[in-house]
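> Encoded as C-alpha cells, here's the structure I'll be asking about.
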Amino acid sequence: MAAADSPSTALRRRDLCSRGIRLAGKMRADVVDLLDTYVEQQGLDASASVAAVEGVPLAAVERWDEQTGTQRLLENLAAYRAFRALLAQMLEEQREQLGEADAGLGRALAAVLLQVSAFAYHLEELLRLESRGIPGEEGDGPPPPPRLSLFEQKLRGLGVLRELAQWALRSARDLRQLAKPSAATGTAPGLAESP
Amino acid sequence: MFSRWNWVACGFYLMLNVCSPDVSGGLVQSCGHIIPESPVLALGSNFTALCILNESCLDFGNIYANQIIWKIKNRVVPKEQYREINRTVSSVTFNDTSSLTTPLTCNILADGQIEQNIYGITVTVGLAPEKPKNLSCIVHQISRFTYVMTCTWNPGRHTFLDTEFRLRYSWPEEVFPDCIPKGVNDSCTITDIQFFVNTEIWVEASNALGKAESDPLVIDPIDIVQPLPPQNVSVSSGLLPTVLKLSWENWISDAVMTLKFNIRYRIAGDTSWMEVPSEDTASPRTSFTVQGLRPYTEYAFSIRCMKEDGVGYWSDWSETKTGITTEDQPSKGPPIWRIIDASHSPASWTVHLMWKALKPFEANGVILQYEVTVRDKSCLSSPLKKYNVTSTNHTLQLPNGTYEVTVIARNSVGASPPSVLLIPASNSKAPVKNLRTLPKHDKLWVGWTAPNSYVLKYVIEWCLVSSSSDCIIEWQIALGDVQGIDLKGIKPFKCYLITVYPLYADGQGSGQSVKAYLKQDRPAKGPTVQTKKVGKAEAVLTWNHLTVEEQNGFIRNYTILYKTIDGNETVVTVDPSKTEYTLSSLTSDTLYTVRMMASTDNGSRTGPDFTFTTQKFGKGEIEAIVVPVCLAFLLIVLLGVLFCFNKRDLIKKHIWPIVPDPSKSNIAQWSPQVPAKHNFNSKDQMYPEGSFTDVSVVEIEADDKKSFSEQDLKPFDLLKKEKSTSEGHSSGIGGSSCMSSPRQSVSDSDEGETTQNTSSTVQYSTVVLNGYRDQTPVQVFSRSESTQPLLDSEERSEDHAGGADSTAQRQQYFRQNGGQDENNTDRPCFERAKQITHANEGDLVGFVQLQVSGQSSQPLGLGMEKNTQEAALSKVLQTYTEGQTVRPETVEENPLSVDDMPKSYLPQTVRQGGYMPQ
C-alpha cells in the first residue's frame, strides 16, 4: 500500500471503488437473472448441488475481516480472471450447442463476461494505485479442462454462475472495505464483515 | 510529295498503335501514359502531371514531347502550364486544383495538324476529413435489461469524397468492435453497453486524402443513462379526502442505478401541472402519497425518474393516471337569491327562491339535497318551515312580511354552512350609484359605486331583453368589498338588462338597472315608414320602433330621407324616442319617396322606400271652390225651374205641339177645292217627322231677287206678309191654315180693319183639340158652311202623297200655290222647313220659314183660355225669338213690327184653331 495518497489518488481510488461496488452489484443482479435463465434453458434443477468448479477460488473465506486490502484485491483479481476464462468457454460451448437459437442467453453470458472483465480491470487499477505490481496471467490461463460431457458442461456452467454470484457479493463488500479511509493504510480492517 | 506520304503513314501508324488491339496483351499499346494515374487531389492544392511517350512511337511516328497538348474535358490547357522535360516527357502544372475538371488528357499534334489522344486520367478533387467535434453520447434504456448508447458528433465540412466515420470505444484492456454509422455520418448507436467502467469513446473519420479523430470522450455509460419512466403507475385514494397515493414500478434495478423522481399532477381537465417538491421524491421509491388535494376531485398524475445522484438524463414522463379523492362535506353554502311576484295578491307574495349549485371544489362531493328553512322575522312565534329540495329552486307562497331564508347543501359526508337570505318587506335601503358597464373582450364588466352603508354583498341580476319572450333572469353574487364583476356568457349584439342590488345586514337596497350590449352592430333592418296623413305641403310620417332583436345596439337616432323623383334628397334626423314626424314645406301634388334609417354606434340600416303624393289642394280649398259652384248651380237650376214654370205653357207647346188630324176633320167635306192644297194630306199632319222629304226649299238669294220673275216672287212677298202676320195668329193647323184663305189673312193683316171684318164674318167651323199623339185629336167642326172641296183635296193629296218627293214637284207646288193664291202659305210646310232652315241659317227662305214656324206653335201652346194674355205673351215670345235667331235683312225689308201684329189677329179666333171664313 502506498504510504501516503495524493488527493487525486485518493479520489481515483474512491471512484474506482465506487464503480467497482456498483459494478459488482450489477454483476450480481445480472448473474442471478442469468442463473434463472440458464437453469431453465439448460433444463437443470435449480436446487441441484454442484461440486466446486476446478480453477475457481471459493468466495467464502475464513477470517475475511483480517485480510488486507491488497490481499483482497489479489484474491478478487485471481477469481475474476478465472471467471473470465470460464465464462468465455461457456459462451463458446453455448454457441456450439445452441448456435443462434438462443441468442438471449448468449448475450446475457457475453454481458456478464464483459462485466467480469471490467471488474478485473477495476481491480488492476486499484492495485496500480496501491503501487503494487499486477500479477501476470499464467500463460494461456488455467490448463484446459478435461473434455466433459454435455451434462457436465451444463453443471459446470451452473457452478460457475453460482460462484460468480457469490464472488460479486464478496467483491462489493471487499471494495467497500477498501473504500474506507483506514483501508488505505493496507492494514486489516477493524470491523468484521462477513460476505 | 514524299513528305506528304510520310505523314499519312505516320498518322496511320499512330492510329494503329492507339486503336488496334495488341496481340500480346489484348489491349491497345498506347504511345504514352500519364502519371500519376487517377489521382485524388486536395482541393486548392497544386498538381503536376507528366505525359511520357513511348520510345517506339518516337522512332516510327516522329512524335515528341514538344507536340503534346494537354486538355481538361476537351479544353486545351494553356501552353504556359506545359513544360517539356525531355523529348518524351511533358508536364503540366495546375496551381489550383479547383480549376481542374476531369478527364485530363494528353494529346499529340502530329504533322498535318492531326490531333491524336495519347492518354487520359480521371482527377478527383476533394478535401481531407475534418476532426469530428462535439461528440456526445446518451444511453437509452430500451427495456428492463437492455440499454443502447447513441453518440452524435459534428462531422465537419463536406469533403466531396467518400469519407468513412467510425465510432470507436474501448476499455483499457478491452477493445470493442467499431460502430459504423449506416446512412448517416454524424451518429451511431452501440448496443453492447457495460456500466460502471470508464469507456473511452471517439470518432474516426477517414477518406482518400486523410484521417481525423475526434477528441476522446471518457465516460462511464451509467452516467449518461436516460432510464425508462416508471411503469404501471396507479393512483389510489387514501383515507383522507385530500390525499391520493401513487404506486409504480421501476424498470431499472437498484443494482444498476438508484433513482429519484418527479411527480406532477393536475385537476382533470386543467392544462397546467403542479409538481410535488423534488426534495420529497429524491430517494428511491415505488410509491408516494400526494397531499393537499381537493376533496372529490379527479386528479391526473405523471412520474419521471433519473439516476439518484442527478448525473444523467431524466426519463420521459410516464403515462398519465387519474384518481379521485374522496368526498368531504361542502365547504360553503350555496349562493341564494329570490324573485318576488306580488302580482297575484296584494296581501301575499309568490317567492321564487333560487340558488346556485356549488362548484365542485365547494360541494366536495355529490350534493344529495338542499335543506331550505324559512323563518318569519316579523312574527317570532311562528314556527320554522323546512323544505328538503333536490333542485336548485323552490317557490313559496308567503304573506307580506320579512323573512329569513336559509339554504344548506348536503352530501354523503355532511352539510354545508348555511346560506342566509333576508327577504325584507320593502327594499328601502340605499341603492348602488353610478352603475355602468364596459365590454371586455367576451365579458361584460359591470361596475358600480358602493353606497355609503356597509354592504354584505351585491346581487347582480341580468337577463336577455326580448320582445317575444320573458326576461329569463340570471344572477350572480359578489362580495361586498368589490365594486365590479365580469359577466360571462354574454352574447354580442343582444340587449341585456342588468340590475344590481346591495344586500345589507338588515335589509336590501333597491335595485339599479342599466341596459348594455357586449358588442353592438348596425340594426338588422331599418324602420318601415308610412304616412299617417298627407296634406298639400306636409306629410305626417309614422313608424314603429325596431324590436329589440332587430336593434343590435342602442338606437342613437332615426334619419328620415325623402326626395322627389328628380329632386335632391333631404335628410332629417329624428330623436329615437319618436315614432312620428311631420315633413313640412313639401311641394303640392308631388310624388315623394321617403325612407328611414336607424343608426346605432356601429352603423345604420335603411328601411324600405315608401312613396306618397302630396295633395293638390289644401285643406278647405276644395270646399271653397265646390260650395260656391254648387250654390251657383243650384241657383241657376232654381232660376231655370222658375222660368220654366213661368213658361210652362210655352214649353209644353213647344215640346208637344198640337197636331190636328185632318182626316177626322169634318171640314174636309166642305173644304174648297184647291188642287194646290192636295199636297197636304192627313198623314203628313199626323206624322210630321216623316214628312221631311216633302219639304221643298227654295233658296233665294237676297241679291238674286231680280233673277226671279215677278210671278215667282209673289209668293215670297206674300210669305213676308204671312210672316209678319202669322206671328200672332198662325194656327199651326197646317191643313186648316193651308185651306184657309191666305188672301183673306193677308188682307186682314194689311188693312188693319180685319179685326172687324173677321169678327163680322161667319165662322166656318170651330176646331176643338182633344188630344195629341197618344190621343187622336178630335177635331170637331161644329158648323161648316164652307163649300171648299175638302174631300177632293184630301183625295188628291193622297194621290200626290207618293209623288211629292221630287224637288221639282215641290217647287212646282210652291209655284202653284203662289200662282193660285198669293197667301197660300202652307204652315205645315213651314213647320217642316224650319228644321231644314236650322242647317241653312243664312238662307233667306229658311229664315223666313223659321220666323213663321217659330211663332206658329204659340197659339196652340197657349190655348184659347189665354186670349187675354195674348198681347203680353207675344211680347215675351218676340223677345225670346230675337234671342235665338238673327234677324236677317228680310226683316228690314218687311218693316212690319211685331207690335203691330196683335192688332191684326187678336180678335181672330182662328188662332185657337178656328177657321177664317173666306
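Naming scheme: A, B, ... for chains in displayed order of the C-alpha cells; residues 1 onward per chain; ligands 1 onward as shown.
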Using only C-alpha atoms, what table do you get, as a Markdown table, when you list each residue of chain A with an atom no more than 6 Å from chain B, its nearest pair of atoms, and their distance in Å rounded to one decimal, rows by chain then rising number?

```
| residue | atom | partner | partner_atom | distance |
| --- | --- | --- | --- | --- |
| A:Arg19 | CA | B:Phe196 | CA | 5.0 |
| A:Leu23 | CA | B:Phe196 | CA | 5.3 |
| A:Gly25 | CA | B:Ala255 | CA | 5.0 |
| A:Lys26 | CA | B:Ala255 | CA | 4.5 |
```
> As a list in words, please: every residue in segment 81-247 of chain B that a backbone DSSP assignment puts in helix (DSSP H, G or I).
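Filtering segment 81-247 of chain B to helix (DSSP H, G or I) leaves Gln81, Thr97, Ser98, Ser99, Pro221, Ile222, Asp223 and Ile224 of chain B.
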> If we count only C-alpha atoms and set the cut-off at 6 Å, which residues sit around Ala598 of chain B, ignoring sequence neighbours fewer than 3 positions away in its own chain? Please answer as an mmCIF file with all heavy atoms, in the first residue's frame.

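around-v4.cif, written as the output of this step:
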```cif
data_model
loop_
_atom_site.group_PDB
_atom_site.id
_atom_site.type_symbol
_atom_site.label_atom_id
_atom_site.label_comp_id
_atom_site.auth_asym_id
_atom_site.auth_seq_id
_atom_site.Cartn_x
_atom_site.Cartn_y
_atom_site.Cartn_z
ATOM 1 N N GLY B 526 -84.087 48.324 -41.206
ATOM 2 C CA GLY B 526 -84.460 49.709 -40.996
ATOM 3 C C GLY B 526 -85.932 49.828 -40.674
ATOM 4 O O GLY B 526 -86.717 48.915 -40.945
ATOM 5 N N TYR B 558 -82.951 58.256 -35.501
ATOM 6 C CA TYR B 558 -83.540 57.872 -36.772
ATOM 7 C C TYR B 558 -83.224 58.972 -37.778
ATOM 8 O O TYR B 558 -83.156 60.150 -37.420
ATOM 9 C CB TYR B 558 -85.061 57.733 -36.662
ATOM 10 C CG TYR B 558 -85.503 56.549 -35.846
ATOM 11 C CD1 TYR B 558 -86.273 56.719 -34.702
ATOM 12 C CD2 TYR B 558 -85.180 55.253 -36.226
ATOM 13 C CE1 TYR B 558 -86.702 55.645 -33.957
ATOM 14 C CE2 TYR B 558 -85.604 54.171 -35.489
ATOM 15 C CZ TYR B 558 -86.360 54.368 -34.350
ATOM 16 O OH TYR B 558 -86.775 53.293 -33.632
ATOM 17 N N SER B 604 -75.667 51.861 -39.527
ATOM 18 C CA SER B 604 -77.054 52.203 -39.815
ATOM 19 C C SER B 604 -77.639 51.182 -40.763
ATOM 20 O O SER B 604 -76.927 50.452 -41.452
ATOM 21 C CB SER B 604 -77.148 53.593 -40.448
ATOM 22 O OG SER B 604 -76.526 54.554 -39.635
ATOM 23 N N ARG B 605 -78.934 51.163 -40.796
ATOM 24 C CA ARG B 605 -79.642 50.309 -41.741
ATOM 25 C C ARG B 605 -80.886 51.074 -42.190
ATOM 26 O O ARG B 605 -81.559 51.678 -41.382
ATOM 27 C CB ARG B 605 -80.022 48.989 -41.086
ATOM 28 C CG ARG B 605 -80.678 48.000 -42.007
ATOM 29 C CD ARG B 605 -79.665 47.194 -42.770
ATOM 30 N NE ARG B 605 -79.054 46.189 -41.930
ATOM 31 C CZ ARG B 605 -78.226 45.260 -42.378
ATOM 32 N NH1 ARG B 605 -77.938 45.217 -43.661
ATOM 33 N NH2 ARG B 605 -77.671 44.391 -41.568
#
```
> Within 6 Å of segment 38-54 of chain B, counting only C-alpha atoms, which residues show up once you throw out same-chain ones fewer than 6 positions away? Write them as a PyMOL selection string, please.
chain B and resi 31-32+88-98+121-127
> I'd like the interatomic distance between atom CA of Thr325 of chain B and atom CA of Asn388 of chain B, to a tenth of an Å.
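About the pair atom CA of Thr325 of chain B and atom CA of Asn388 of chain B: they are 27.4 Å apart.
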> Report as a list in words all protein, DNA and RNA residues lying within 10 Å of Glu54 of chain A, evaluated on only C-alpha atoms, omitting residues in the same chain fewer than 2 positions from it.
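Listed by chain and then number, they are Ala51, Ala52, Val56, Pro57, Leu58, Ala82, Leu86, Pro142, Pro145, Arg156, Gly159 and Val160 of chain A.
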> Once you have the residues from the selection above, write them out as a PDB file, in the first residue's frame, restricted to N, CA and C atoms.

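As written to disk, again_25.pdb reads:
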```pdb
ATOM      1  N   ALA A  51     -20.655 -29.510  -7.415  1.00  0.00           N
ATOM      2  CA  ALA A  51     -19.359 -29.550  -6.748  1.00  0.00           C
ATOM      3  C   ALA A  51     -18.550 -28.323  -7.147  1.00  0.00           C
ATOM      4  N   ALA A  52     -17.594 -28.049  -6.354  1.00  0.00           N
ATOM      5  CA  ALA A  52     -16.756 -26.885  -6.630  1.00  0.00           C
ATOM      6  C   ALA A  52     -16.120 -27.001  -8.003  1.00  0.00           C
ATOM      7  N   VAL A  56     -11.573 -22.281  -9.805  1.00  0.00           N
ATOM      8  CA  VAL A  56     -12.249 -21.087  -9.289  1.00  0.00           C
ATOM      9  C   VAL A  56     -12.039 -21.043  -7.783  1.00  0.00           C
ATOM     10  N   PRO A  57     -11.423 -19.948  -7.331  1.00  0.00           N
ATOM     11  CA  PRO A  57     -11.281 -19.838  -5.881  1.00  0.00           C
ATOM     12  C   PRO A  57     -12.630 -19.594  -5.229  1.00  0.00           C
ATOM     13  N   LEU A  58     -12.764 -20.156  -4.049  1.00  0.00           N
ATOM     14  CA  LEU A  58     -14.046 -20.009  -3.361  1.00  0.00           C
ATOM     15  C   LEU A  58     -14.171 -18.609  -2.778  1.00  0.00           C
ATOM     16  N   ALA A  82     -10.170 -15.991 -13.502  1.00  0.00           N
ATOM     17  CA  ALA A  82     -10.634 -17.358 -13.712  1.00  0.00           C
ATOM     18  C   ALA A  82     -12.052 -17.362 -14.280  1.00  0.00           C
ATOM     19  N   LEU A  86     -13.536 -18.955 -17.728  1.00  0.00           N
ATOM     20  CA  LEU A  86     -14.623 -19.936 -17.686  1.00  0.00           C
ATOM     21  C   LEU A  86     -15.851 -19.442 -18.453  1.00  0.00           C
ATOM     22  N   PRO A 142      -5.630 -21.018 -16.975  1.00  0.00           N
ATOM     23  CA  PRO A 142      -5.621 -22.352 -16.370  1.00  0.00           C
ATOM     24  C   PRO A 142      -5.576 -23.421 -17.463  1.00  0.00           C
ATOM     25  N   PRO A 145      -9.666 -27.625 -19.276  1.00  0.00           N
ATOM     26  CA  PRO A 145     -10.336 -28.676 -18.501  1.00  0.00           C
ATOM     27  C   PRO A 145     -10.483 -29.923 -19.365  1.00  0.00           C
ATOM     28  N   ARG A 156     -21.252 -27.618 -14.834  1.00  0.00           N
ATOM     29  CA  ARG A 156     -20.118 -26.751 -14.551  1.00  0.00           C
ATOM     30  C   ARG A 156     -20.509 -25.286 -14.766  1.00  0.00           C
ATOM     31  N   GLY A 159     -22.346 -24.167 -11.856  1.00  0.00           N
ATOM     32  CA  GLY A 159     -21.441 -23.913 -10.732  1.00  0.00           C
ATOM     33  C   GLY A 159     -20.679 -22.623 -10.897  1.00  0.00           C
ATOM     34  N   VAL A 160     -20.251 -22.334 -12.096  1.00  0.00           N
ATOM     35  CA  VAL A 160     -19.517 -21.087 -12.349  1.00  0.00           C
ATOM     36  C   VAL A 160     -20.398 -19.889 -12.022  1.00  0.00           C
TER      37      VAL A 160
END
```
> Give me the residues within 8 Å of segment 112-117 of chain A as number ranges by chain, counting only C-alpha atoms and dropping any in the same chain fewer than 5 places off.
A: 23, 27, 30-31, 80-81, 83-84, 87-88; B: 194-195
> Any chance you could export the current selection's N, CA, C and O atoms as a compact mmCIF listing (two decimals), in the first residue's frame?

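Wrote again-v3.txt, looks like this:
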```
# COMPACT_ATOMS: atom_id res chain seq x y z
N LEU A 23 -20.56 -1.97 -9.90
CA LEU A 23 -20.42 -2.97 -10.95
C LEU A 23 -20.63 -4.37 -10.36
O LEU A 23 -21.28 -5.23 -10.97
N MET A 27 -23.36 -6.79 -11.47
CA MET A 27 -22.95 -8.10 -11.95
C MET A 27 -23.69 -9.19 -11.18
O MET A 27 -24.17 -10.17 -11.77
N ASP A 30 -27.23 -9.32 -12.45
CA ASP A 30 -27.30 -9.93 -13.78
C ASP A 30 -27.05 -11.44 -13.70
O ASP A 30 -27.71 -12.22 -14.39
N VAL A 31 -26.09 -11.81 -12.86
CA VAL A 31 -25.78 -13.24 -12.74
C VAL A 31 -26.95 -13.99 -12.13
O VAL A 31 -27.28 -15.11 -12.56
N TYR A 80 -11.58 -13.36 -10.67
CA TYR A 80 -12.29 -12.83 -11.86
C TYR A 80 -11.56 -13.17 -13.17
O TYR A 80 -12.17 -13.33 -14.21
N ARG A 81 -10.25 -13.31 -13.05
CA ARG A 81 -9.55 -13.78 -14.24
C ARG A 81 -9.98 -15.22 -14.56
O ARG A 81 -10.17 -15.57 -15.73
N PHE A 83 -12.87 -16.50 -13.72
CA PHE A 83 -14.26 -16.42 -14.22
C PHE A 83 -14.28 -15.97 -15.69
O PHE A 83 -15.09 -16.45 -16.48
N ARG A 84 -13.37 -15.08 -16.01
CA ARG A 84 -13.36 -14.59 -17.39
C ARG A 84 -13.09 -15.74 -18.36
O ARG A 84 -13.73 -15.87 -19.40
N LEU A 87 -16.13 -18.20 -18.26
CA LEU A 87 -17.31 -17.66 -18.97
C LEU A 87 -17.09 -17.64 -20.48
O LEU A 87 -18.01 -17.92 -21.26
N ALA A 88 -15.86 -17.34 -20.89
CA ALA A 88 -15.57 -17.36 -22.32
C ALA A 88 -15.75 -18.77 -22.86
O ALA A 88 -16.29 -18.96 -23.96
N GLN B 194 -21.68 -1.63 -21.26
CA GLN B 194 -21.37 -2.11 -19.91
C GLN B 194 -21.17 -0.92 -18.99
O GLN B 194 -20.48 0.03 -19.34
N PHE B 195 -21.88 -0.99 -17.91
CA PHE B 195 -21.84 0.12 -16.95
C PHE B 195 -20.67 -0.04 -15.99
O PHE B 195 -20.04 -1.07 -15.88
```
> Could you write out, as an MDAnalysis selection string, all the residues of segment 116-263 of chain B that DSSP marks as strand (DSSP E)?
chainID B and resid 116:121 124:126 133:141 147:154 164:171 174:175 187:190 199:207 210:213 217:219 225:226 231:237 244:249 259:263
> Those same residues, written as a compact mmCIF listing (two decimals), in the first residue's frame with C-alpha atoms?

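This went into again_3.txt:
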```
# COMPACT_ATOMS: atom_id res chain seq x y z
CA GLN B 116 -4.48 12.48 -81.51
CA ASN B 117 -5.22 11.47 -77.93
CA ILE B 118 -2.44 9.61 -76.23
CA TYR B 119 -3.72 9.04 -72.72
CA GLY B 120 -6.20 10.33 -70.18
CA ILE B 121 -6.69 10.18 -66.43
CA THR B 124 -10.70 13.50 -58.20
CA VAL B 125 -10.62 16.65 -56.15
CA GLY B 126 -11.79 16.80 -52.56
CA LYS B 133 -16.33 17.70 -32.93
CA ASN B 134 -18.90 17.87 -30.17
CA LEU B 135 -19.03 14.18 -29.55
CA SER B 136 -21.73 13.33 -27.05
CA CYS B 137 -23.40 10.12 -26.03
CA ILE B 138 -26.56 9.10 -24.26
CA VAL B 139 -27.60 5.67 -23.07
CA HIS B 140 -31.24 4.88 -23.64
CA GLN B 141 -32.94 2.20 -21.71
CA TYR B 147 -29.51 -0.34 -22.95
CA VAL B 148 -28.14 1.24 -26.06
CA MET B 149 -25.75 4.10 -26.33
CA THR B 150 -26.16 6.63 -29.10
CA CYS B 151 -23.33 9.00 -29.83
CA THR B 152 -23.56 12.03 -32.05
CA TRP B 153 -20.90 14.35 -33.37
CA ASN B 154 -20.32 17.11 -35.82
CA GLU B 164 -15.88 6.88 -43.57
CA PHE B 165 -16.79 7.61 -39.96
CA ARG B 166 -16.26 5.09 -37.21
CA LEU B 167 -17.33 5.35 -33.61
CA ARG B 168 -14.72 3.57 -31.55
CA TYR B 169 -14.80 2.77 -27.84
CA SER B 170 -12.66 0.74 -25.62
CA TRP B 171 -11.66 -0.14 -22.14
CA GLU B 174 -10.67 -4.31 -23.98
CA VAL B 175 -11.22 -3.08 -27.47
CA SER B 187 -24.30 9.43 -35.18
CA CYS B 188 -24.03 5.81 -34.29
CA THR B 189 -25.66 3.54 -31.76
CA ILE B 190 -23.83 0.98 -29.70
CA THR B 199 -15.15 3.79 -21.52
CA GLU B 200 -13.15 5.78 -23.99
CA ILE B 201 -15.19 6.82 -26.96
CA TRP B 202 -14.02 8.67 -30.03
CA VAL B 203 -14.86 9.13 -33.68
CA GLU B 204 -12.53 8.47 -36.55
CA ALA B 205 -13.14 9.96 -39.97
CA SER B 206 -11.09 8.94 -43.00
CA ASN B 207 -11.06 9.34 -46.78
CA GLY B 210 -6.54 11.64 -44.87
CA LYS B 211 -7.87 10.63 -41.50
CA ALA B 212 -9.04 12.58 -38.46
CA GLU B 213 -10.08 11.61 -34.96
CA LEU B 217 -14.81 11.02 -24.55
CA VAL B 218 -14.12 9.00 -21.44
CA ILE B 219 -17.25 8.25 -19.60
CA VAL B 225 -28.40 6.91 -18.91
CA GLN B 226 -31.89 8.05 -19.70
CA GLN B 231 -44.18 1.72 -15.33
CA ASN B 232 -47.62 0.59 -14.21
CA VAL B 233 -48.44 3.77 -12.37
CA SER B 234 -51.58 3.51 -10.27
CA VAL B 235 -53.48 6.00 -8.15
CA SER B 236 -55.50 5.12 -5.11
CA SER B 237 -57.41 7.30 -2.74
CA LEU B 244 -54.02 10.25 -3.22
CA LYS B 245 -51.39 7.52 -3.24
CA LEU B 246 -49.33 6.80 -6.31
CA SER B 247 -47.62 3.49 -6.91
CA TRP B 248 -45.36 2.42 -9.74
CA GLU B 249 -42.66 0.04 -10.87
CA LEU B 259 -33.47 6.65 -8.89
CA LYS B 260 -35.04 9.84 -7.86
CA PHE B 261 -38.38 11.03 -9.14
CA ASN B 262 -40.51 13.93 -10.21
CA ILE B 263 -44.26 13.74 -9.70
```
> Restricting the calculation to only C-alpha atoms, which member of A:Arg147, A:Lys154, A:Arg173, A:Arg13 is positioned closest to Gln41 of chain A?
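Closest residue, counting only C-alpha atoms: A:Lys154.
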> So, counting only C-alpha atoms, which residue among B:Thr593, B:Ser381, B:Asn646, B:Gln483 is closest to Ile565 of chain B?
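Comparing B:Thr593, B:Ser381, B:Asn646, B:Gln483 against Ile565 of chain B, the winner is B:Thr593.
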> Residues near segment 464-474 of chain B, anyone? I mean within 7 Å using only C-alpha atoms, not counting same-chain ones fewer than 6 positions away, as a list in words.
Lys494, Cys495, Tyr496, Leu497, Thr547, Val548 and Glu549 of chain B
> Counting only C-alpha atoms, which residue out of A:Lys180, A:Arg162, A:Arg28, A:Arg12 sits closest to Ala48 of chain A?
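For Ala48 of chain A, the nearest of the given residues is A:Arg162.
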> Check the smallest atom-to-atom distance from each of A:Ala79, A:Ala29, A:Ile21, A:Ala120 to Glu163 of chain A using only C-alpha atoms, then report the winner.
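The closest residue to Glu163 of chain A is A:Ala79.
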> So, with only C-alpha atoms as the atoms that count, which of A:Leu34, A:Ala78, A:Val50, A:Ala168 lies closest to Ala108 of chain A?
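Counting only C-alpha atoms, the residue closest to Ala108 of chain A is A:Leu34.
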> If you measure from atom CA of Leu169 of chain A to atom CA of Leu123 of chain A, what distance in Å do you get, rounded to one decimal?
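Atom CA of Leu123 of chain A lies 14.8 Å from atom CA of Leu169 of chain A.
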> Mind pulling up the distance from atom CA of Met354 of chain B to atom CA of Ser378 of chain B?
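These two atoms are separated by 22.3 Å.
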